[in-house]
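So this block is target-v4.txt, compact mmCIF, C-alpha atoms:
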```txt
# COMPACT_ATOMS: atom_id res chain seq x y z
CA MET L 1 125.10 45.82 -40.67
CA SER L 2 126.33 46.68 -37.16
CA GLU L 3 124.58 45.31 -34.08
CA GLY L 4 123.43 48.83 -33.11
CA ALA L 5 122.01 49.57 -36.56
CA SER L 6 120.23 46.22 -36.59
CA GLN L 7 118.64 46.98 -33.23
CA VAL L 8 117.42 50.39 -34.44
CA LEU L 9 115.92 48.77 -37.56
CA GLU L 10 114.10 46.18 -35.45
CA GLU L 11 112.73 48.92 -33.20
CA LEU L 12 111.46 50.88 -36.20
CA GLN L 13 109.84 47.78 -37.63
CA GLY L 14 108.20 47.09 -34.29
CA GLU L 15 106.62 50.54 -34.30
CA ALA L 16 104.74 49.90 -37.56
CA LEU L 17 101.39 48.17 -37.93
CA ILE L 18 101.17 46.25 -41.22
CA LEU L 19 97.79 46.63 -42.97
CA VAL L 20 96.61 44.42 -45.81
CA PRO L 21 94.24 45.58 -48.57
CA ALA L 22 90.57 44.70 -48.35
CA MET L 23 90.82 43.16 -51.83
CA GLU L 24 93.88 42.33 -53.88
CA SER L 25 94.05 44.52 -56.98
CA ARG L 26 95.01 42.77 -60.19
CA LEU L 27 96.28 45.96 -61.83
CA PRO L 28 97.94 49.18 -60.60
CA PRO L 29 95.84 52.32 -60.03
CA ALA L 30 94.82 54.15 -63.21
CA TRP L 31 93.84 57.63 -61.97
CA PRO L 32 94.99 60.36 -59.56
CA GLY L 33 92.04 59.87 -57.20
CA ALA L 34 92.79 56.19 -56.51
CA ARG L 35 92.61 55.02 -52.90
CA TRP L 36 94.29 52.10 -51.16
CA ILE L 37 91.52 50.46 -49.15
CA GLY L 38 91.77 48.49 -45.93
CA SER L 39 90.71 48.47 -42.30
CA VAL L 40 92.22 48.96 -38.86
CA ASP L 41 90.94 48.13 -35.39
CA LEU L 42 91.88 50.56 -32.63
CA GLU L 43 92.63 47.61 -30.37
CA ASP L 44 95.61 46.74 -32.58
CA LEU L 45 97.30 50.11 -32.45
CA ALA L 46 99.28 49.68 -29.22
CA ASP L 47 102.45 51.82 -29.49
CA CYS L 48 102.77 51.93 -33.27
CA SER L 49 103.76 55.27 -34.76
CA ARG L 50 102.69 54.51 -38.33
CA PHE L 51 100.87 52.07 -40.57
CA GLU L 52 102.59 50.33 -43.46
CA LEU L 53 100.34 49.35 -46.35
CA GLU L 54 100.92 46.14 -48.28
CA ASN L 55 100.77 46.34 -52.09
CA HIS L 56 100.62 50.12 -52.04
CA ALA L 57 102.43 50.91 -55.31
CA GLY L 58 100.80 53.85 -57.09
CA TYR L 59 98.50 54.85 -54.24
CA GLU L 60 99.12 58.19 -52.55
CA ARG L 61 96.09 58.12 -50.24
CA ALA L 62 94.30 55.44 -48.23
CA ARG L 63 90.71 54.94 -47.17
CA LEU L 64 90.61 53.03 -43.89
CA LEU L 65 87.58 51.50 -42.23
CA VAL L 66 88.06 52.09 -38.51
CA ARG L 67 86.73 49.71 -35.90
CA ALA L 68 86.78 49.89 -32.12
CA SER L 69 86.68 46.38 -30.63
CA GLY L 70 84.96 45.21 -33.79
CA ALA L 71 82.31 47.94 -33.86
CA VAL L 72 82.40 50.17 -36.94
CA ARG L 73 83.45 53.76 -36.24
CA GLY L 74 83.59 55.02 -39.83
CA PHE L 75 85.98 55.69 -42.69
CA VAL L 76 88.98 58.01 -42.69
CA ASP L 77 90.77 59.26 -45.80
CA VAL L 78 94.44 59.92 -45.14
CA PRO L 79 97.63 60.50 -47.12
CA SER L 80 99.86 57.44 -47.54
CA PRO L 81 103.08 58.49 -49.30
CA ALA L 82 105.28 55.48 -50.05
CA GLY L 83 102.69 53.27 -48.35
CA ILE L 84 103.07 54.91 -44.95
CA VAL L 85 100.25 56.42 -42.87
CA ASP L 86 101.49 58.59 -40.03
CA ARG L 87 99.84 57.81 -36.68
CA ALA L 88 99.37 61.49 -35.81
CA VAL L 89 97.63 62.18 -39.14
CA PHE L 90 95.40 59.15 -38.57
CA GLU L 91 94.52 60.34 -35.05
CA ASP L 92 93.47 63.75 -36.41
CA ALA L 93 91.17 62.09 -38.94
CA LEU L 94 89.84 59.72 -36.27
CA ALA L 95 88.95 62.63 -33.97
CA ALA L 96 86.59 63.98 -36.64
CA LEU L 97 84.50 60.78 -36.71
CA PRO L 98 81.22 60.92 -34.80
CA SER L 99 80.47 58.19 -32.28
CA VAL L 100 78.03 55.54 -33.50
CA PRO L 101 76.04 52.93 -31.56
CA SER L 102 76.32 49.19 -32.17
CA PHE L 103 74.36 46.04 -31.41
CA PRO L 104 75.62 43.78 -28.60
CA ALA L 105 76.96 40.36 -29.50
CA ALA L 106 74.33 37.67 -30.02
CA VAL L 107 73.55 35.48 -27.02
CA ALA L 108 73.40 32.39 -29.25
CA ALA L 109 74.91 31.48 -32.61
CA PRO L 110 72.05 30.20 -34.80
CA HIS L 111 72.90 28.07 -37.82
CA ILE L 112 73.23 30.26 -40.93
CA THR L 113 73.29 29.09 -44.53
CA VAL L 114 75.33 31.29 -46.87
CA VAL L 115 73.99 31.30 -50.44
CA VAL L 116 76.28 32.36 -53.29
CA CYS L 117 74.67 32.51 -56.74
CA THR L 118 77.07 32.38 -59.66
CA ARG L 119 77.33 31.75 -63.39
CA ASP L 120 80.61 30.88 -65.12
CA ARG L 121 82.79 33.20 -63.00
CA THR L 122 85.18 30.80 -61.35
CA GLU L 123 88.01 33.25 -60.62
CA GLN L 124 85.74 35.56 -58.66
CA LEU L 125 83.94 32.65 -56.99
CA ARG L 126 87.20 31.11 -55.80
CA GLY L 127 88.14 34.26 -53.89
CA ALA L 128 84.68 34.70 -52.40
CA LEU L 129 84.51 31.11 -51.16
CA MET L 130 87.95 31.31 -49.58
CA THR L 131 86.91 34.27 -47.44
CA ILE L 132 83.51 32.74 -46.60
CA LEU L 133 85.11 29.52 -45.34
CA ALA L 134 87.45 31.61 -43.16
CA LEU L 135 84.54 33.26 -41.34
CA ASP L 136 84.76 33.60 -37.57
CA TYR L 137 81.43 31.86 -36.91
CA PRO L 138 80.79 28.41 -35.45
CA HIS L 139 77.64 27.20 -37.23
CA PHE L 140 77.25 27.78 -40.96
CA ASP L 141 77.11 25.98 -44.27
CA VAL L 142 77.44 27.24 -47.84
CA VAL L 143 75.20 26.62 -50.84
CA VAL L 144 76.73 27.53 -54.20
CA VAL L 145 73.97 27.90 -56.80
CA ASP L 146 75.28 27.36 -60.33
CA ASN L 147 72.74 29.26 -62.41
CA ALA L 148 72.20 28.07 -66.00
CA PRO L 149 75.90 27.34 -66.50
CA ALA L 150 77.36 27.27 -69.99
CA THR L 151 80.27 25.09 -68.87
CA HIS L 152 81.22 22.69 -66.07
CA ALA L 153 83.84 25.10 -64.73
CA THR L 154 81.97 25.98 -61.52
CA GLU L 155 81.24 22.35 -60.76
CA GLU L 156 84.89 21.43 -61.28
CA LEU L 157 86.09 24.31 -59.10
CA VAL L 158 83.85 23.46 -56.17
CA CYS L 159 84.38 19.70 -56.37
CA GLN L 160 88.15 19.88 -56.78
CA GLU L 161 89.17 22.88 -54.65
CA PHE L 162 86.49 23.11 -51.95
CA ARG L 163 86.14 19.62 -50.54
CA ASP L 164 84.65 20.97 -47.37
CA LEU L 165 81.63 19.32 -45.77
CA ARG L 166 80.13 22.76 -45.25
CA VAL L 167 79.98 23.44 -49.01
CA ARG L 168 77.27 22.11 -51.32
CA LEU L 169 76.82 22.78 -55.03
CA VAL L 170 73.35 22.84 -56.58
CA THR L 171 72.40 23.69 -60.14
CA GLU L 172 69.47 25.91 -61.12
CA PRO L 173 68.93 25.43 -64.87
CA VAL L 174 66.49 28.34 -65.32
CA PRO L 175 68.46 31.58 -65.82
CA GLY L 176 67.79 34.51 -63.51
CA LEU L 177 69.07 35.60 -60.12
CA SER L 178 65.67 35.24 -58.45
CA HIS L 179 65.44 31.61 -59.60
CA ALA L 180 68.93 31.02 -58.21
CA ARG L 181 68.16 32.72 -54.90
CA ASN L 182 64.95 30.71 -54.53
CA THR L 183 66.89 27.51 -55.15
CA GLY L 184 69.31 28.55 -52.42
CA LEU L 185 66.40 29.18 -50.05
CA ARG L 186 64.98 25.74 -50.70
CA HIS L 187 68.32 24.02 -50.07
CA ALA L 188 69.23 26.06 -46.98
CA ARG L 189 69.63 24.22 -43.69
CA GLY L 190 69.85 27.24 -41.45
CA ASP L 191 66.98 29.21 -39.96
CA LEU L 192 68.82 32.26 -41.27
CA VAL L 193 69.97 32.53 -44.89
CA ALA L 194 72.69 35.04 -45.81
CA PHE L 195 73.07 36.04 -49.46
CA THR L 196 76.15 37.47 -51.11
CA ASP L 197 77.71 37.68 -54.58
CA ASP L 198 80.61 35.87 -56.21
CA ASP L 199 82.76 39.01 -56.64
CA VAL L 200 83.15 39.98 -52.98
CA VAL L 201 85.36 39.54 -49.94
CA VAL L 202 83.39 38.96 -46.76
CA ASP L 203 84.68 40.30 -43.47
CA ARG L 204 85.58 37.59 -40.93
CA SER L 205 82.89 38.83 -38.51
CA TRP L 206 80.16 39.05 -41.17
CA LEU L 207 77.92 36.28 -39.84
CA ARG L 208 78.52 37.19 -36.19
CA GLU L 209 77.26 40.70 -36.88
CA ILE L 210 74.25 39.41 -38.82
CA ALA L 211 73.38 37.13 -35.90
CA ALA L 212 73.78 40.06 -33.49
CA ALA L 213 71.27 42.16 -35.44
CA PHE L 214 68.67 39.37 -35.56
CA ASP L 215 69.19 38.77 -31.83
CA ALA L 216 68.81 42.46 -30.99
CA VAL L 217 65.58 42.84 -33.03
CA PRO L 218 63.48 39.67 -32.56
CA GLY L 219 60.85 40.90 -35.04
CA ALA L 220 63.38 41.25 -37.85
CA ALA L 221 62.96 39.09 -40.94
CA CYS L 222 65.79 40.75 -42.88
CA VAL L 223 69.21 42.17 -42.03
CA THR L 224 71.31 44.09 -44.53
CA GLY L 225 74.93 45.09 -44.14
CA LEU L 226 77.58 47.49 -45.33
CA VAL L 227 78.97 47.07 -48.87
CA PRO L 228 81.99 49.36 -49.15
CA ALA L 229 84.24 49.51 -52.19
CA GLY L 230 87.06 47.00 -51.86
CA GLU L 231 88.97 48.59 -54.73
CA LEU L 232 89.12 52.21 -55.93
CA ARG L 233 91.59 51.96 -58.76
CA THR L 234 89.82 53.48 -61.77
CA PRO L 235 87.64 56.50 -62.54
CA ALA L 236 84.64 54.23 -63.16
CA GLN L 237 84.99 52.67 -59.72
CA GLY L 238 85.30 56.11 -58.17
CA TYR L 239 82.14 57.31 -59.89
CA PHE L 240 80.15 54.26 -58.84
CA ASP L 241 81.37 54.59 -55.26
CA SER L 242 80.28 58.23 -55.19
CA LYS L 243 76.82 57.34 -56.46
CA VAL L 244 75.65 54.40 -54.35
CA SER L 245 74.51 54.58 -50.74
CA TRP L 246 75.41 51.04 -49.67
CA SER L 247 78.52 52.09 -47.74
CA ARG L 248 77.25 55.29 -46.14
CA SER L 249 74.89 54.05 -43.41
CA LEU L 250 77.21 53.64 -40.42
CA VAL L 251 74.48 53.85 -37.78
CA PRO L 252 72.32 50.76 -37.21
CA GLN L 253 68.72 51.30 -38.32
CA VAL L 254 65.49 49.40 -37.72
CA TYR L 255 62.75 49.90 -40.31
CA SER L 256 59.17 48.78 -39.72
CA LEU L 257 55.63 49.92 -40.45
CA ALA L 258 55.00 50.05 -36.70
CA ASP L 259 57.55 52.85 -36.33
CA PRO L 260 58.00 54.65 -39.68
CA PRO L 261 61.22 56.69 -39.89
CA ALA L 262 60.67 60.43 -39.90
CA GLY L 263 63.42 61.05 -42.44
CA LEU L 264 61.89 58.86 -45.16
CA PRO L 265 58.52 60.35 -46.16
CA LYS L 266 58.02 57.76 -48.92
CA PHE L 267 58.75 54.81 -46.61
CA PRO L 268 58.65 51.88 -47.24
CA PHE L 269 59.19 52.76 -50.92
CA SER L 270 62.72 53.94 -50.21
CA PRO L 271 65.03 51.62 -52.17
CA GLY L 272 68.24 53.47 -51.42
CA ALA L 273 67.86 53.19 -47.65
CA PHE L 274 67.74 49.46 -47.11
CA GLY L 275 70.84 47.97 -48.68
CA THR L 276 71.71 45.82 -51.67
CA GLY L 277 71.65 42.22 -52.82
CA ALA L 278 75.38 41.70 -52.23
CA ASN L 279 74.89 41.61 -48.47
CA PHE L 280 71.67 40.63 -46.74
CA ALA L 281 70.12 37.82 -44.73
CA LEU L 282 66.57 36.55 -44.32
CA ARG L 283 64.69 34.39 -41.88
CA ARG L 284 64.13 31.38 -44.08
CA GLN L 285 60.53 30.65 -43.09
CA ALA L 286 59.50 34.30 -43.43
CA ALA L 287 61.03 34.46 -46.91
CA LEU L 288 59.27 31.25 -47.97
CA ARG L 289 55.93 32.56 -46.69
CA LEU L 290 56.46 35.63 -48.85
CA GLY L 291 56.83 33.33 -51.86
CA GLY L 292 60.56 33.87 -52.23
CA PHE L 293 62.03 36.19 -54.83
CA ASP L 294 60.04 37.43 -57.82
CA PRO L 295 61.30 35.45 -60.86
CA ALA L 296 60.43 38.38 -63.14
CA LEU L 297 63.10 40.50 -61.44
CA GLY L 298 66.87 40.20 -61.23
CA VAL L 299 69.98 39.76 -63.33
CA GLY L 300 69.43 37.15 -66.03
CA THR L 301 65.89 38.36 -66.79
CA PRO L 302 64.79 41.24 -69.07
CA THR L 303 64.48 43.50 -66.00
CA GLY L 304 68.16 43.10 -65.07
CA GLY L 305 67.65 43.77 -61.36
CA GLY L 306 65.23 44.86 -58.66
CA GLU L 307 64.74 41.51 -56.90
CA ASP L 308 66.55 42.72 -53.78
CA ILE L 309 64.63 45.98 -53.26
CA ASP L 310 61.42 44.09 -54.01
CA MET L 311 62.18 41.59 -51.24
CA PHE L 312 63.20 44.32 -48.78
CA THR L 313 59.98 46.22 -49.39
CA ARG L 314 57.78 43.13 -49.15
CA VAL L 315 59.41 42.16 -45.84
CA ILE L 316 58.41 45.51 -44.37
CA LEU L 317 54.93 45.56 -45.93
CA GLU L 318 54.28 42.12 -44.42
CA GLY L 319 54.79 43.61 -40.96
CA HIS L 320 58.35 42.46 -40.28
CA ALA L 321 61.30 44.64 -39.35
CA LEU L 322 64.30 45.19 -41.60
CA VAL L 323 67.57 45.96 -39.83
CA VAL L 324 70.55 47.76 -41.35
CA GLN L 325 73.65 46.43 -39.58
CA PRO L 326 76.75 48.38 -40.67
CA ALA L 327 79.12 46.07 -38.79
CA ALA L 328 78.18 43.20 -41.16
CA ILE L 329 80.64 44.01 -43.94
CA VAL L 330 81.10 42.67 -47.45
CA TRP L 331 83.76 44.33 -49.61
CA HIS L 332 82.74 44.70 -53.24
CA ARG L 333 84.82 45.13 -56.39
CA HIS L 334 83.01 47.74 -58.46
CA ARG L 335 83.08 47.62 -62.26
CA ASP L 336 86.35 49.18 -63.38
CA GLY L 337 85.53 50.32 -66.94
CA LEU L 338 83.20 52.91 -68.40
CA GLU L 339 81.38 50.43 -70.64
CA ASP L 340 80.84 48.09 -67.67
CA LEU L 341 79.48 51.08 -65.76
CA ARG L 342 77.03 51.83 -68.56
CA VAL L 343 75.83 48.21 -68.54
CA GLN L 344 75.36 48.40 -64.78
CA ALA L 345 73.52 51.73 -65.03
CA ARG L 346 71.09 50.25 -67.54
CA GLY L 347 70.55 47.20 -65.35
CA TYR L 348 69.90 49.26 -62.23
CA GLY L 349 67.58 51.59 -64.12
CA ASN L 350 65.60 48.75 -65.72
CA GLY L 351 65.35 46.98 -62.37
CA LEU L 352 64.17 50.10 -60.57
CA GLY L 353 61.58 50.86 -63.24
CA ALA L 354 60.39 47.25 -63.19
CA TRP L 355 60.02 47.28 -59.41
CA MET L 356 58.10 50.57 -59.55
CA THR L 357 55.82 48.98 -62.16
CA LYS L 358 55.18 45.99 -59.91
CA VAL L 359 54.30 48.31 -57.04
CA MET L 360 51.82 50.24 -59.17
CA MET L 361 50.21 47.08 -60.59
CA ASP L 362 49.17 45.91 -57.12
CA PRO L 363 46.17 47.92 -55.81
CA ARG L 364 47.34 47.73 -52.20
CA THR L 365 50.89 48.91 -52.80
CA ALA L 366 49.77 51.42 -55.44
CA ARG L 367 47.49 53.11 -52.90
CA LEU L 368 50.27 53.23 -50.33
CA ALA L 369 52.77 54.59 -52.85
CA LEU L 370 50.42 57.27 -54.17
CA ALA L 371 49.55 58.29 -50.62
CA ARG L 372 53.23 58.95 -50.05
CA SER L 373 53.53 61.29 -53.06
CA TRP L 374 55.00 58.80 -55.52
CA GLY L 375 58.45 59.87 -56.57
CA VAL L 376 60.61 57.00 -55.54
CA GLY L 377 62.38 56.65 -58.86
CA LEU L 378 63.18 60.35 -59.19
CA GLU L 379 64.45 60.38 -55.61
CA PHE L 380 67.02 57.77 -56.66
CA PHE L 381 68.58 60.23 -59.13
CA ASN L 382 67.92 63.45 -57.24
CA HIS L 383 71.39 63.93 -55.79
CA ARG L 384 74.64 64.64 -57.56
CA PRO L 385 77.35 62.09 -56.85
CA ARG L 386 79.91 63.03 -54.25
CA ALA L 387 83.23 64.07 -55.74
CA VAL L 388 82.07 63.65 -59.33
CA GLN L 389 85.04 65.47 -60.81
CA PRO L 390 87.86 63.45 -59.23
CA ALA L 391 85.89 60.27 -59.76
CA LEU L 392 85.77 60.85 -63.48
CA GLN L 393 89.24 62.22 -64.06
CA GLY L 394 91.85 60.18 -65.85
CA PRO L 395 92.68 58.76 -69.26
CA PRO L 396 90.10 55.94 -69.41
CA VAL L 397 87.19 58.39 -69.49
CA HIS L 398 86.68 60.66 -72.50
CA GLY L 399 84.89 64.00 -72.28
CA SER L 400 84.45 66.28 -69.28
CA PRO L 401 83.58 64.73 -65.88
CA GLU L 402 80.30 66.64 -65.80
CA ALA L 403 79.32 65.40 -69.26
CA GLN L 404 80.10 61.80 -68.37
CA ALA L 405 78.09 62.05 -65.14
CA ALA L 406 75.15 63.58 -66.99
CA ARG L 407 75.21 60.84 -69.64
CA LEU L 408 75.13 58.11 -67.00
CA VAL L 409 72.24 59.76 -65.16
CA TRP L 410 70.26 60.12 -68.38
CA LEU L 411 71.08 56.53 -69.28
CA GLN L 412 69.64 55.39 -65.94
CA LEU L 413 66.55 57.54 -66.36
CA LEU L 414 65.98 56.15 -69.84
CA ALA L 415 66.41 52.63 -68.45
CA VAL L 416 63.83 53.38 -65.74
CA ALA L 417 61.39 54.45 -68.47
CA PHE L 418 61.86 51.06 -70.14
CA GLY L 419 61.28 49.29 -66.82
CA PRO L 420 57.52 48.73 -67.30
CA TYR L 421 58.06 47.08 -70.67
CA LYS L 422 60.90 44.97 -69.28
CA TYR L 423 58.79 43.85 -66.32
CA LEU L 424 55.85 42.81 -68.47
CA GLN L 425 58.22 41.05 -70.84
CA ALA L 426 59.80 39.17 -67.92
CA ARG L 427 56.41 38.19 -66.52
CA ARG L 428 55.34 36.78 -69.86
CA ALA L 429 58.58 34.81 -70.05
CA ALA L 430 58.01 33.51 -66.52
CA GLY L 431 54.43 32.57 -67.36
CA SER L 432 52.90 34.82 -64.69
```
Conversion result in structure tokens:
Amino acid sequence: MSEGASQVLEELQGEALILVPAMESRLPPAWPGARWIGSVDLEDLADCSRFELENHAGYERARLLVRASGAVRGFVDVPSPAGIVDRAVFEDALAALPSVPSFPAAVAAPHITVVVCTRDRTEQLRGALMTILALDYPHFDVVVVDNAPATHATEELVCQEFRDLRVRLVTEPVPGLSHARNTGLRHARGDLVAFTDDDVVVDRSWLREIAAAFDAVPGAACVTGLVPAGELRTPAQGYFDSKVSWSRSLVPQVYSLADPPAGLPKFPFSPGAFGTGANFALRRQAALRLGGFDPALGVGTPTGGGEDIDMFTRVILEGHALVVQPAAIVWHRHRDGLEDLRVQARGYGNGLGAWMTKVMMDPRTARLALARSWGVGLEFFNHRPRAVQPALQGPPVHGSPEAQAARLVWLQLLAVAFGPYKYLQARRAAGS
């Protein structure tokens, strides 16, 4: 190569910003609507004329989380032929994003304990722990709760690969996510306890943003964050992404009984507004005073879920504030197959129905719920998923997109109907 050609090549390379995926995909995309997913901070743009995407094979479009000096601006969806995003196209998409407020950085950095509950999923856990230990936060420790393990694989992984003084492994022999979360609470050293799952990638600023939200709202006992899809490779992942609300709230919100939100008439019985169990933090003492998590709810019990929305609601009913902090980001790998999606739909439906049953069994919460025209469960299913058709296109899904969407909705509704039985069954098993 001539000296002049080499110089031109170097100049072209210098004009590109290299972006890495939010989560590494194990397999290539399996449907036309797949999206390469990553993030970009406007501070890093400088004079680049394009973005080059790592591991882009098979992806023709990209979904980028845009930040401005760390603050979340929103998501843009742009074409990425051959792994290239043109700067001008990106700027056009950026101009359409509304401005959003953000919390200022925390004055102090309180000690935070990160709790990761897991059961025999070492491959996922390894990736989650690697990103947690790389967090840009000065004072934190990690408690890995090995819940009713069938093997010693988790113990071997943590002891052999994560010999870090910040990491502790504890075993909770009783199966159930609430039992595991309560064990994490008891072993936490920090005044704040952040919970996440074993199949996620946490953003480097995750704990800083959680601390900022607690600092900005002194009466907060709970902070929840954004849980965007870290992989959109299959139709099932696309459908799930279109259905959940975890990654849509880009504006910080403060929820409390002292200042009920006008847009949520059934507040605080508004499970879709508060967040999800993959990304939230609690003030440890407040959570302990509430009695921790309900052992009759959660994965690993007959109810299959609901322990997170139960905790969120109880925090608010106790008079505390709950803060939604979009800048606290945890990327999640959604289930990639239709059968996995059905299992998840049943679990969510059972958990929602069980939580509704718990609310109605308590005279105080039942009166509040009825006074707000009880319809929380139906509200959960009342909207059609965004982009249902592209989300369900592709070879792995049989039948029309509309038929598949309808079957999943009916499956969830049926699971909700079984929620009361599941909750009573779980309470009997828990001895309560």
Using only C-alpha atoms, I'd like a table of the residues in segment 15-91 of chain L that come within 12 Å of segment 186-210 of chain L; for each, show the closest atom pair and its distance in Å rounded to one decimal, ordered by chain and ascending number, as a Markdown table.
```
| residue | atom | partner | partner_atom | distance |
| --- | --- | --- | --- | --- |
| L:Pro21 | CA | L:Val201 | CA | 10.8 |
| L:Ala22 | CA | L:Val201 | CA | 7.5 |
| L:Met23 | CA | L:Val201 | CA | 6.8 |
| L:Glu24 | CA | L:Val201 | CA | 9.8 |
| L:Gly38 | CA | L:Asp203 | CA | 11.1 |
| L:Ser39 | CA | L:Asp203 | CA | 10.2 |
| L:Leu65 | CA | L:Asp203 | CA | 11.6 |
| L:Arg67 | CA | L:Ser205 | CA | 11.8 |
| L:Ser69 | CA | L:Ser205 | CA | 11.6 |
| L:Gly70 | CA | L:Ser205 | CA | 8.2 |
| L:Ala71 | CA | L:Glu209 | CA | 9.3 |
| L:Val72 | CA | L:Glu209 | CA | 10.8 |
```
> Distance atom CA of Leu226 of chain L-atom CA of Leu185 of chain L, one decimal place?
Replying inline: 22.0 Å
> Near segment 415-428 of chain L, within 6 Å and counting only C-alpha atoms, which residues show up once chain neighbours fewer than 2 positions away are dropped, as an MDAnalysis selection string?
Replying inline: chainID L and resid 296 302:303 346 349:350 353:354 357 412:413 430:432
> In Å to one decimal, how far is atom CA of Ala93 of chain L from atom CA of Trp36 of chain L?
Replying inline: 16.1 Å
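Remark: for Pro29 of chain L, the closest of the candidate residues L:Glu91, L:Ala236, L:Arg181, L:Thr171 is L:Ala236 (distances computed over all atoms listed in the file).
Considering the residues L:Asp120, L:Asp41, L:Glu339, L:Glu60 and counting all atoms listed in the file, Pro235 of chain L has its shortest atom-to-atom contact with L:Glu339.
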Just need the box for segment 85-91 of chain L, edges along x, y and z, holding every atom the file lists for it with 8 Å tacked onto each side, so centre and edge lengths in Å to one decimal, as JSON.
```
{"center_x": 98.0, "center_y": 59.3, "center_z": -39.0, "size_x": 23.0, "size_y": 21.8, "size_z": 23.8}
```
Distance query segment 139-154 of chain L at most 7 Å, all atoms listed in the file, self and fewer than 3 positions along chain excluded, as a tab-separated table (two decimals) with C-alpha atoms, in the frame of the given file:
```tsv
chain	number	residue	atom	x	y	z
L	109	ALA	CA	74.91	31.48	-32.61
L	110	PRO	CA	72.05	30.20	-34.80
L	111	HIS	CA	72.90	28.07	-37.82
L	112	ILE	CA	73.23	30.26	-40.93
L	113	THR	CA	73.29	29.09	-44.53
L	114	VAL	CA	75.33	31.29	-46.87
L	115	VAL	CA	73.99	31.30	-50.44
L	116	VAL	CA	76.28	32.36	-53.29
L	117	CYS	CA	74.67	32.51	-56.74
L	118	THR	CA	77.07	32.38	-59.66
L	119	ARG	CA	77.33	31.75	-63.39
L	120	ASP	CA	80.61	30.88	-65.12
L	122	THR	CA	85.18	30.80	-61.35
L	157	LEU	CA	86.09	24.31	-59.10
L	158	VAL	CA	83.85	23.46	-56.17
L	166	ARG	CA	80.13	22.76	-45.25
L	167	VAL	CA	79.98	23.44	-49.01
L	168	ARG	CA	77.27	22.11	-51.32
L	169	LEU	CA	76.82	22.78	-55.03
L	170	VAL	CA	73.35	22.84	-56.58
L	171	THR	CA	72.40	23.69	-60.14
L	172	GLU	CA	69.47	25.91	-61.12
L	173	PRO	CA	68.93	25.43	-64.87
L	174	VAL	CA	66.49	28.34	-65.32
L	175	PRO	CA	68.46	31.58	-65.82
L	180	ALA	CA	68.93	31.02	-58.21
L	184	GLY	CA	69.31	28.55	-52.42
```
